[in-house]
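Undergrad: Structure file input-v2.txt, compact mmCIF, C-alpha atoms and all ligand atoms, is pasted below:
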# COMPACT_ATOMS: atom_id res chain seq x y z
CA MET A 1155 91.97 185.28 19.87
CA ASN A 1156 93.63 182.10 18.78
CA LYS A 1157 94.61 181.44 15.18
CA ARG A 1158 91.87 178.82 14.59
CA ILE A 1159 89.03 181.13 15.51
CA LEU A 1160 90.53 183.89 13.35
CA SER A 1161 90.82 181.64 10.32
CA PHE A 1162 87.23 180.42 10.82
CA ILE A 1163 85.91 183.97 10.94
CA LEU A 1164 87.88 184.86 7.84
CA SER A 1165 86.53 181.83 5.98
CA VAL A 1166 82.95 182.78 6.89
CA VAL A 1167 83.50 186.36 5.74
CA MET A 1168 84.98 185.16 2.47
CA ILE A 1169 82.11 182.74 1.80
CA VAL A 1170 79.50 185.39 2.57
CA THR A 1171 81.25 187.81 0.19
CA LEU A 1172 81.81 185.30 -2.58
CA ILE A 1173 78.31 183.78 -2.71
CA PRO A 1174 76.60 186.83 -4.15
CA ALA A 1175 79.57 187.42 -6.47
CA VAL A 1176 79.24 183.94 -7.89
CA ALA A 1177 75.50 184.33 -8.02
CA PHE A 1178 75.82 187.60 -9.95
CA ALA A 1179 78.38 186.07 -12.22
CA GLN A 1180 75.96 183.28 -13.00
CA THR A 1181 73.15 185.71 -13.65
CA ASP A 1182 75.39 187.69 -15.96
CA SER A 1183 76.43 184.70 -17.96
CA THR A 1184 72.80 183.56 -18.28
CA GLU A 1185 71.80 186.99 -19.55
CA ASN A 1186 74.66 186.92 -22.05
CA ASN A 1187 73.56 183.60 -23.37
CA ASP A 1188 70.06 184.92 -23.81
CA GLN A 1189 71.39 187.94 -25.67
CA ASP A 1190 73.39 185.71 -27.98
CA GLU A 1191 70.35 183.65 -28.70
CA ILE A 1192 68.28 186.71 -29.46
CA GLU A 1193 70.94 188.10 -31.73
CA GLN A 1194 71.28 184.78 -33.44
CA SER A 1195 67.56 184.58 -34.09
CA ILE A 1196 67.52 188.13 -35.46
CA LEU A 1197 70.29 187.17 -37.85
CA GLU A 1198 68.37 184.09 -38.89
CA GLU A 1199 65.26 186.11 -39.40
CA LEU A 1200 67.21 188.56 -41.52
CA LYS A 1201 68.59 185.68 -43.53
CA ASP A 1202 65.08 184.37 -44.03
CA GLN A 1203 63.98 187.79 -45.22
CA ASP A 1204 66.94 188.08 -47.54
CA GLN A 1205 66.43 184.87 -49.37
CA PRO A 1206 63.00 185.33 -50.94
CA SER A 1207 63.75 188.99 -51.78
CA GLU A 1208 67.04 188.31 -53.57
CA GLU A 1209 65.61 189.65 -56.84
CA LYS A 1210 65.40 193.01 -55.15
CA ILE A 1211 69.19 193.28 -54.95
CA ILE A 1212 70.05 196.11 -57.25
CA SER A 1213 73.19 196.79 -59.15
CA GLN A 1214 74.51 200.20 -59.86
CA VAL A 1215 75.88 201.09 -63.25
CA THR A 1216 78.42 203.89 -63.45
CA LEU A 1217 78.42 205.73 -66.74
CA THR A 1218 81.56 207.68 -67.49
CA CYS A 1219 82.34 209.95 -70.42
CA ALA A 1220 85.68 211.37 -71.43
CA SER A 1221 86.80 213.49 -74.34
CA ASN A 1222 89.87 215.43 -75.27
CA VAL A 1223 88.07 218.74 -75.68
CA LYS A 1224 85.42 219.39 -73.11
CA SER A 1225 83.72 216.64 -71.20
CA THR A 1226 80.42 218.35 -71.93
CA GLN A 1227 80.91 218.12 -75.69
CA GLY A 1228 82.28 214.62 -76.24
CA GLY A 1229 78.94 212.87 -76.24
CA THR A 1230 76.54 210.99 -74.00
CA ILE A 1231 75.59 207.53 -72.86
CA GLU A 1232 71.84 206.91 -72.49
CA GLY A 1233 70.88 207.55 -68.89
CA MET A 1234 73.62 210.12 -68.48
CA GLN A 1235 72.78 213.76 -68.04
CA PRO A 1236 74.41 215.94 -70.73
CA GLY A 1237 77.22 218.00 -69.26
CA GLN A 1238 78.17 215.37 -66.68
CA THR A 1239 81.25 213.21 -66.81
CA THR A 1240 79.85 210.52 -64.49
CA SER A 1241 76.33 209.25 -63.87
CA PHE A 1242 74.77 206.41 -61.90
CA VAL A 1243 71.96 204.17 -63.10
CA THR A 1244 70.38 201.48 -60.96
CA LEU A 1245 69.33 198.16 -62.49
CA ALA A 1246 67.16 195.58 -60.68
CA ASN A 1247 68.61 192.11 -60.55
CA GLY A 1248 67.85 190.36 -63.83
CA GLU A 1249 66.75 193.57 -65.52
CA THR A 1250 68.43 194.15 -68.87
CA ARG A 1251 68.91 197.60 -70.24
CA GLU A 1252 70.47 198.89 -73.42
CA PHE A 1253 72.57 202.03 -73.24
CA ALA A 1254 72.92 204.00 -76.47
CA ILE A 1255 76.17 205.93 -76.96
CA THR A 1256 75.82 209.17 -78.92
CA PRO A 1257 78.88 211.18 -79.91
CA GLY A 1258 78.52 214.98 -79.91
CA LYS A 1259 78.88 217.04 -83.07
CA GLY A 1260 82.47 216.86 -84.31
CA PHE A 1261 83.30 213.83 -82.14
CA ARG A 1262 83.55 210.09 -82.69
CA ILE A 1263 83.54 207.16 -80.27
CA SER A 1264 87.13 206.04 -79.78
CA LYS A 1265 86.86 203.54 -76.93
CA VAL A 1266 84.13 201.65 -75.06
CA ILE A 1267 85.11 199.87 -71.86
CA VAL A 1268 82.49 197.74 -70.09
CA ASN A 1269 83.35 196.44 -66.62
CA GLY A 1270 87.02 197.11 -67.26
CA LYS A 1271 87.16 195.39 -70.65
CA SER A 1272 87.48 197.16 -73.98
CA ILE A 1273 84.73 195.95 -76.32
CA GLY A 1274 85.62 197.87 -79.48
CA ILE A 1275 83.71 200.70 -81.13
CA VAL A 1276 80.01 200.15 -80.54
CA ASN A 1277 77.11 202.55 -80.14
CA LYS A 1278 75.03 200.32 -77.86
CA VAL A 1279 75.86 198.42 -74.68
CA SER A 1280 73.50 195.92 -73.08
CA LEU A 1281 73.81 195.23 -69.34
CA THR A 1282 71.87 192.94 -66.99
CA GLY A 1283 71.60 193.69 -63.28
CA ASN A 1284 73.50 191.03 -61.33
CA GLY A 1285 73.73 192.57 -57.89
CA GLU A 1286 77.20 193.88 -58.59
CA ALA A 1287 78.44 197.31 -59.53
CA GLN A 1288 79.04 197.61 -63.26
CA SER A 1289 80.49 200.33 -65.41
CA ILE A 1290 80.46 201.74 -68.92
CA TYR A 1291 83.28 204.09 -69.85
CA VAL A 1292 83.31 205.82 -73.22
CA LYS A 1293 86.05 207.94 -74.69
CA PHE A 1294 85.20 210.38 -77.46
CA LYS A 1295 87.71 211.92 -79.84
CA LYS A 1296 87.53 215.12 -81.77
CA GLN A 1297 87.34 214.58 -85.48
CA GLY A 1298 86.16 217.93 -86.78
CA LEU A 1299 87.16 221.57 -86.78
CA PHE A 1300 86.13 223.61 -83.73
CA ILE A 1301 85.92 227.41 -83.83
CA MET A 1302 85.12 229.68 -80.89
CA LEU A 1303 83.34 232.83 -82.08
CA ASP A 1304 83.30 236.05 -80.11
CA ALA A 1305 80.84 238.85 -80.85
CA GLY A 1306 82.69 241.98 -79.72
CA HIS A 1307 81.24 244.05 -76.83
CA ALA A 1308 77.64 243.91 -75.50
CA GLY A 1309 74.44 245.93 -75.09
CA HIS A 1310 74.69 249.41 -76.64
CA TYR A 1311 78.41 249.98 -77.14
CA ASN A 1312 80.40 252.09 -79.66
CA ARG A 1313 77.93 254.20 -81.57
CA GLY A 1314 78.54 254.74 -85.28
CA ILE A 1315 78.55 257.94 -87.28
CA ILE A 1316 74.99 257.01 -88.16
CA ARG A 1317 73.32 257.27 -84.74
CA LYS A 1318 71.31 254.06 -84.92
CA TYR A 1319 74.44 251.98 -85.48
CA TRP A 1320 76.04 250.26 -82.50
CA GLU A 1321 79.13 248.12 -83.00
CA SER A 1322 77.88 245.75 -80.27
CA LYS A 1323 74.61 245.16 -82.18
CA MET A 1324 76.33 244.53 -85.51
CA THR A 1325 78.85 242.07 -84.04
CA TRP A 1326 76.08 240.00 -82.45
CA LYS A 1327 74.21 239.70 -85.75
CA LEU A 1328 77.27 239.01 -87.90
CA THR A 1329 78.66 236.43 -85.45
CA ASN A 1330 75.37 234.53 -85.42
CA TYR A 1331 75.19 234.55 -89.22
CA LEU A 1332 78.80 233.37 -89.37
CA LYS A 1333 78.08 230.54 -86.95
CA LYS A 1334 75.22 229.32 -89.13
CA GLU A 1335 77.33 229.50 -92.28
CA LEU A 1336 80.28 227.68 -90.70
CA GLU A 1337 77.98 224.98 -89.40
CA SER A 1338 76.76 224.36 -92.95
CA TYR A 1339 80.33 223.14 -93.65
CA GLY A 1340 80.17 220.79 -90.66
CA ILE A 1341 82.41 223.07 -88.59
CA VAL A 1342 81.58 223.03 -84.89
CA CYS A 1343 81.15 226.53 -83.43
CA GLY A 1344 81.06 227.79 -79.89
CA MET A 1345 80.07 231.28 -78.75
CA THR A 1346 81.77 233.22 -75.97
CA LYS A 1347 78.47 235.02 -75.21
CA LYS A 1348 75.12 233.54 -74.23
CA SER A 1349 73.15 236.59 -75.34
CA GLN A 1350 73.67 240.02 -76.91
CA LYS A 1351 73.79 241.61 -73.45
CA HIS A 1352 76.16 239.03 -71.96
CA ASP A 1353 79.51 240.76 -71.54
CA PRO A 1354 82.38 238.53 -70.35
CA GLY A 1355 85.77 240.19 -69.84
CA VAL A 1356 88.05 240.22 -72.88
CA TYR A 1357 90.67 237.85 -71.46
CA GLU A 1358 87.91 235.51 -70.26
CA ARG A 1359 86.42 235.46 -73.78
CA GLY A 1360 89.78 234.30 -75.14
CA LEU A 1361 90.07 231.60 -72.49
CA LYS A 1362 86.74 230.17 -73.63
CA ALA A 1363 88.55 228.95 -76.77
CA LYS A 1364 90.16 226.18 -74.72
CA GLY A 1365 90.00 222.92 -76.67
CA TYR A 1366 89.03 224.70 -79.91
CA ASP A 1367 91.16 225.04 -83.04
CA LEU A 1368 90.61 228.74 -83.66
CA PHE A 1369 89.31 231.86 -81.95
CA ILE A 1370 87.73 234.73 -83.92
CA SER A 1371 86.54 238.02 -82.43
CA ILE A 1372 84.21 240.13 -84.59
CA HIS A 1373 84.36 243.99 -84.54
CA SER A 1374 84.10 247.22 -86.49
CA ASN A 1375 86.69 249.96 -86.05
CA TYR A 1376 86.68 253.69 -85.20
CA SER A 1377 88.86 256.56 -86.36
CA ASP A 1378 88.66 260.34 -85.95
CA ALA A 1379 89.37 260.58 -89.66
CA ARG A 1380 86.01 260.00 -91.35
CA GLY A 1381 87.57 258.79 -94.59
CA THR A 1382 89.43 255.88 -92.99
CA ASP A 1383 88.19 252.69 -94.65
CA TYR A 1384 90.13 249.44 -94.42
CA PRO A 1385 89.67 245.98 -92.89
CA LEU A 1386 92.10 244.89 -90.21
CA ALA A 1387 93.07 241.54 -88.74
CA ILE A 1388 94.96 241.42 -85.47
CA VAL A 1389 96.47 237.96 -85.13
CA SER A 1390 98.31 235.97 -82.43
CA SER A 1391 101.87 237.25 -82.10
CA LYS A 1392 105.10 235.26 -82.27
CA HIS A 1393 105.06 235.08 -78.49
CA LYS A 1394 103.96 231.52 -79.31
CA LYS A 1395 105.26 230.99 -82.86
CA LYS A 1396 102.93 228.07 -83.54
CA LEU A 1397 99.91 230.31 -82.96
CA TYR A 1398 101.23 233.09 -85.19
CA LYS A 1399 101.91 230.58 -87.98
CA LYS A 1400 98.32 229.39 -87.81
CA ALA A 1401 96.57 232.73 -87.30
CA GLN A 1402 98.49 234.98 -89.68
CA PRO A 1403 97.80 233.27 -93.05
CA LEU A 1404 94.08 232.87 -92.30
CA GLY A 1405 93.82 236.42 -90.92
CA LYS A 1406 95.28 237.70 -94.16
CA LYS A 1407 92.83 235.69 -96.28
CA LEU A 1408 89.93 236.96 -94.18
CA VAL A 1409 90.79 240.65 -94.53
CA LYS A 1410 91.13 240.15 -98.27
CA THR A 1411 87.62 238.66 -98.24
CA ILE A 1412 86.30 241.56 -96.15
CA ARG A 1413 87.88 244.07 -98.50
CA SER A 1414 86.34 242.55 -101.60
CA THR A 1415 82.94 242.10 -99.95
CA MET A 1416 82.71 245.61 -98.47
CA LYS A 1417 84.78 247.24 -101.20
CA THR A 1418 86.91 249.30 -98.84
CA ARG A 1419 88.85 252.23 -100.28
CA GLN A 1420 92.09 251.39 -98.52
CA ARG A 1421 94.12 248.20 -98.48
CA TYR A 1422 93.66 245.57 -95.80
CA GLN A 1423 96.06 245.42 -92.84
CA VAL A 1424 97.32 242.58 -90.64
CA TRP A 1425 98.78 243.45 -87.25
CA VAL A 1426 100.31 241.85 -84.23
CA LYS A 1427 100.63 243.82 -81.01
CA ARG A 1428 102.53 242.79 -77.92
CA GLN A 1429 102.82 244.00 -74.34
CA ASN A 1430 106.11 244.66 -72.58
CA ASP A 1431 106.05 241.14 -71.15
CA GLY A 1432 105.91 239.71 -74.68
CA ARG A 1433 102.34 238.46 -74.48
CA ASP A 1434 99.66 239.75 -76.83
CA TRP A 1435 98.39 243.25 -76.13
CA TYR A 1436 94.74 242.57 -76.90
CA GLY A 1437 93.00 240.72 -74.06
CA VAL A 1438 91.01 238.32 -76.25
CA ILE A 1439 94.11 237.20 -78.18
CA ARG A 1440 96.15 237.01 -74.96
CA GLY A 1441 93.41 234.80 -73.51
CA SER A 1442 93.23 232.44 -76.48
CA ALA A 1443 97.05 232.24 -76.55
CA ALA A 1444 96.99 231.26 -72.87
CA VAL A 1445 94.99 228.16 -73.87
CA ASN A 1446 97.17 227.61 -76.98
CA VAL A 1447 94.56 228.58 -79.54
CA PRO A 1448 95.39 230.86 -82.51
CA GLY A 1449 93.33 234.03 -82.32
CA ILE A 1450 92.14 236.59 -84.87
CA ILE A 1451 90.36 239.90 -84.23
CA LEU A 1452 88.51 240.99 -87.36
CA GLU A 1453 87.74 244.70 -87.77
CA HIS A 1454 85.09 245.16 -90.45
CA SER A 1455 86.28 248.56 -91.58
CA PHE A 1456 85.21 251.70 -89.67
CA HIS A 1457 81.84 252.69 -88.25
CA SER A 1458 83.22 256.26 -88.24
CA ASN A 1459 83.02 256.11 -92.02
CA ARG A 1460 79.49 257.02 -93.16
CA SER A 1461 79.23 254.74 -96.20
CA LYS A 1462 80.69 251.75 -94.34
CA CYS A 1463 78.48 252.41 -91.31
CA ARG A 1464 75.46 252.37 -93.65
CA TRP A 1465 76.70 249.13 -95.24
CA LEU A 1466 77.08 247.44 -91.84
CA LEU A 1467 73.53 248.45 -90.83
CA LYS A 1468 71.99 246.17 -93.46
CA ASN A 1469 71.28 242.56 -92.46
CA LYS A 1470 71.50 241.53 -96.09
CA ASN A 1471 75.12 242.75 -96.22
CA LEU A 1472 76.00 241.03 -92.95
CA ARG A 1473 74.63 237.75 -94.30
CA LYS A 1474 76.72 238.17 -97.41
CA MET A 1475 79.78 238.89 -95.29
CA ALA A 1476 79.16 235.82 -93.09
CA ALA A 1477 78.84 233.57 -96.15
CA ALA A 1478 82.06 234.95 -97.68
CA GLU A 1479 84.04 234.62 -94.43
CA ALA A 1480 82.78 231.09 -93.77
CA LYS A 1481 83.77 230.07 -97.30
CA THR A 1482 87.27 231.50 -96.78
CA ILE A 1483 87.66 229.65 -93.46
CA ALA A 1484 86.27 226.38 -94.82
CA GLU A 1485 88.55 226.48 -97.85
CA HIS A 1486 91.54 227.29 -95.68
CA TYR A 1487 90.96 224.09 -93.68
CA GLY A 1488 89.86 222.03 -96.68
CA TYR A 1489 86.19 221.77 -95.84
CA GLY A 1490 83.44 221.48 -98.44
CA LYS A 1491 79.75 222.30 -98.04
CA GLN A 1492 77.82 219.42 -96.48
ZN ZN A 1501 85.27 246.58 -81.10
Can the structure from this file be put into structure tokens for me?
TA:
Amino acid sequence: MNKRILSFILSVVMIVTLIPAVAFAQTDSTENNDQDEIEQSILEELKDQDQPSEEKIISQVTLTCASNVKSTQGGTIEGMQPGQTTSFVTLANGETREFAITPGKGFRISKVIVNGKSIGIVNKVSLTGNGEAQSIYVKFKKQGLFIMLDAGHAGHYNRGIIRKYWESKMTWKLTNYLKKELESYGIVCGMTKKSQKHDPGVYERGLKAKGYDLFISIHSNYSDARGTDYPLAIVSSKHKKKLYKKAQPLGKKLVKTIRSTMKTRQRYQVWVKRQNDGRDWYGVIRGSAAVNVPGIILEHSFHSNRSKCRWLLKNKNLRKMAAAEAKTIAEHYGYGKQ
């Protein structure tokens, strides 16, 4: 075959092969154009839909609470669930809503920041939905005295010399009376137990004092010697000197009060007890010390003593005791009746 014929055949083959390729390429590009147009029109349609419904654009408001004790105690912003630190509220565009700020008991509002700007101490913030995310941040500060109360034991625990007496029943009653009395001075009280039967571990009870100013655990004592009759305070040890310095003087005042109220035969006592590692021996005090809170265990004489057991069985006496102890505590911290 000569070169001319060969090149002719090759040209024909190439043309035959290329034609459909070009044709396909054209088809492809046409389809692409169509696609673009369709997409474009969808976008335009979307735009059209967006415009008249602009009022529907919603803005989200983030409500944030902070406090230096427990986020659940600091206070609330209207629209915020108690116990939460952050909440979201949705406002329609143009909708105006007022958010009331309510400090919790023993707290005050210390800072209000709206959309990143501090606006001073206010108890109401008004926001209008503008399609953008907005925020209200409130900081609460403690301004009162906070005491965590612990009713010793739970259920039926530590029977007295008089069979119907249970230490665990007395402590629940006395602690509740004490809470009421302390609150009448404007002192904020927490309880380590949710109910009489609730029985958290001793160390855990102490830990619950976190953020509080004082921890008190209420008990009555036992001795094999029936005549034993004295009140006892076990206070935070010098393991953390600051805690001892705070707990010891008040513990001493409280046992004096218990002695004069119950008229015990023997003198009051104040103890500290430490483990080998230096930390407090009693779990509740060790727990409160772990969260840097001074702790006091109060033993209301002995339920192994018949006359004292009888005394502790009477609600009237427990009320009297609660009032006397609350007065001692309030005076110690310089609080007057409200
Ligand atoms: Zn006890």
Undergrad: Which residue, A:Glu1321, A:Glu1485, A:Glu1358, A:Asp1431, has the smallest gap to Leu1336 (chain A) when you use all atoms listed in the file?
TA: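 When distances to Leu1336 (chain A) are compared using all atoms listed in the file, the smallest one comes from A:Glu1485.
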Undergrad: Write out as a VMD selection string each polymer residue (protein, DNA or RNA) that has an atom no more than 8 Å from ligand ZN 1501 (chain A), with all atoms listed in the file counted.
TA: chain A and resid 1306 to 1307 1312 1321 to 1322 1372 to 1375 1453
Undergrad: Provide the CA of Gly1360 (chain A) to CA of Gly1449 (chain A) distance in Å, to one decimal place.
TA: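 If I compute the distance from CA of Gly1360 (chain A) to CA of Gly1449 (chain A), I get 8.0 Å.
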Undergrad: One decimal, Å: what's the distance from CA of Lys1351 (chain A) over to CA of Ala1308 (chain A), could you say?
TA: 4.9 Å
Undergrad: Identify, on the basis of all atoms listed in the file, every residue whose closest approach to region 1235-1244 of chain A does not exceed 12 Å; exclude the query and any residue fewer than 6 positions from it along the same chain; express the result as JSON, numbers by chain.
TA: {"A": [1210, 1211, 1212, 1213, 1214, 1215, 1216, 1217, 1218, 1219, 1220, 1221, 1224, 1225, 1226, 1227, 1228, 1229, 1250, 1251, 1252, 1253, 1255, 1256, 1257, 1258, 1281, 1282, 1283, 1284, 1285, 1286, 1287, 1288, 1289, 1290, 1291, 1292, 1293, 1294]}
Undergrad: When distances are computed from all atoms listed in the file, which of A:Ser1461, A:Ser1442, A:Gln1402, A:Gln1350 shows the smallest separation from Thr1418 (chain A)?
TA: A:Ser1461
Undergrad: Residues within 9 Å of Lys1392 (chain A), please, as a PyMOL selection string. Count all atoms listed in the file; anything in the same chain fewer than 2 positions from it doesn't count.
TA: chain A and resi 1390+1394-1399+1426+1432-1434
Undergrad: At what distance in Å, to one decimal, does CA of Phe1300 (chain A) lie from CA of Leu1408 (chain A)?
TA: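 Computed distance, CA of Leu1408 (chain A) to CA of Phe1300 (chain A), equals 17.4 Å.
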Undergrad: I'd like the contact shell of Met1416 (chain A) - 9 Å cut-off, only C-alpha atoms, skipping same-chain residues fewer than 5 positions apart - returned as a PyMOL selection string.
TA: chain A and resi 1385+1411+1454-1455+1462+1465-1466+1471+1475
Undergrad: For the selection you just gave me, I'd like the residues written to a file as a PDB file, in the coordinates of the input, keeping C-alpha atoms.
TA:
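Below you can see again.pdb, which holds the result:
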ATOM      1  CA  PRO A1385      89.670 245.980 -92.890  1.00  0.00           C
ATOM      2  CA  THR A1411      87.620 238.660 -98.240  1.00  0.00           C
ATOM      3  CA  HIS A1454      85.090 245.160 -90.450  1.00  0.00           C
ATOM      4  CA  SER A1455      86.280 248.560 -91.580  1.00  0.00           C
ATOM      5  CA  LYS A1462      80.690 251.750 -94.340  1.00  0.00           C
ATOM      6  CA  TRP A1465      76.700 249.130 -95.240  1.00  0.00           C
ATOM      7  CA  LEU A1466      77.080 247.440 -91.840  1.00  0.00           C
ATOM      8  CA  ASN A1471      75.120 242.750 -96.220  1.00  0.00           C
ATOM      9  CA  MET A1475      79.780 238.890 -95.290  1.00  0.00           C
TER      10      MET A1475
END
Undergrad: From the options A:Ile1388, A:Leu1452, A:Ile1315, A:Ile1267, which residue's atoms come nearest to Ile1412 (chain A), counting only C-alpha atoms?
TA: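 Ranking A:Ile1388, A:Leu1452, A:Ile1315, A:Ile1267 by distance to Ile1412 (chain A), first place goes to A:Leu1452.
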Undergrad: Of the candidates A:Ser1280, A:Asn1430, A:Ser1264, A:Ser1371, which shows the shortest atom-to-atom distance to Leu1328 (chain A), using all atoms listed in the file?
TA: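 That would be A:Ser1371, the residue with the smallest distance to Leu1328 (chain A).
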Undergrad: Just save region 1321-1334 of chain A with N, CA, C and O atoms, as a compact mmCIF listing (two decimals), in the first residue's frame.
TA:
# COMPACT_ATOMS: atom_id res chain seq x y z
N GLU A 1321 -32.15 7.84 117.01
CA GLU A 1321 -31.33 9.03 116.75
C GLU A 1321 -31.68 9.61 115.37
O GLU A 1321 -31.82 10.83 115.21
N SER A 1322 -31.81 8.72 114.38
CA SER A 1322 -32.07 9.15 113.00
C SER A 1322 -33.39 9.91 112.84
O SER A 1322 -33.53 10.73 111.95
N LYS A 1323 -34.36 9.62 113.74
CA LYS A 1323 -35.66 10.32 113.68
C LYS A 1323 -35.53 11.71 114.32
O LYS A 1323 -36.07 12.68 113.82
N MET A 1324 -34.81 11.73 115.45
CA MET A 1324 -34.63 13.01 116.15
C MET A 1324 -33.84 13.99 115.27
O MET A 1324 -34.22 15.16 115.14
N THR A 1325 -32.77 13.51 114.65
CA THR A 1325 -31.91 14.43 113.87
C THR A 1325 -32.68 15.05 112.71
O THR A 1325 -32.50 16.22 112.39
N TRP A 1326 -33.57 14.26 112.11
CA TRP A 1326 -34.35 14.78 110.98
C TRP A 1326 -35.28 15.92 111.42
O TRP A 1326 -35.37 16.95 110.79
N LYS A 1327 -35.92 15.69 112.58
CA LYS A 1327 -36.83 16.73 113.11
C LYS A 1327 -36.05 17.99 113.50
O LYS A 1327 -36.39 19.09 113.09
N LEU A 1328 -35.01 17.79 114.31
CA LEU A 1328 -34.25 18.94 114.82
C LEU A 1328 -33.62 19.74 113.67
O LEU A 1328 -33.64 20.97 113.68
N THR A 1329 -33.10 19.04 112.68
CA THR A 1329 -32.46 19.73 111.55
C THR A 1329 -33.48 20.57 110.78
O THR A 1329 -33.19 21.69 110.38
N ASN A 1330 -34.68 20.04 110.61
CA ASN A 1330 -35.71 20.80 109.90
C ASN A 1330 -36.17 22.02 110.71
O ASN A 1330 -36.40 23.08 110.14
N TYR A 1331 -36.28 21.85 112.01
CA TYR A 1331 -36.62 23.00 112.86
C TYR A 1331 -35.52 24.06 112.77
O TYR A 1331 -35.77 25.25 112.67
N LEU A 1332 -34.28 23.59 112.81
CA LEU A 1332 -33.13 24.50 112.78
C LEU A 1332 -33.10 25.28 111.47
O LEU A 1332 -32.82 26.48 111.45
N LYS A 1333 -33.40 24.59 110.39
CA LYS A 1333 -33.42 25.23 109.07
C LYS A 1333 -34.42 26.40 109.07
O LYS A 1333 -34.11 27.50 108.66
N LYS A 1334 -35.61 26.11 109.59
CA LYS A 1334 -36.67 27.12 109.64
C LYS A 1334 -36.23 28.33 110.47
O LYS A 1334 -36.43 29.48 110.08
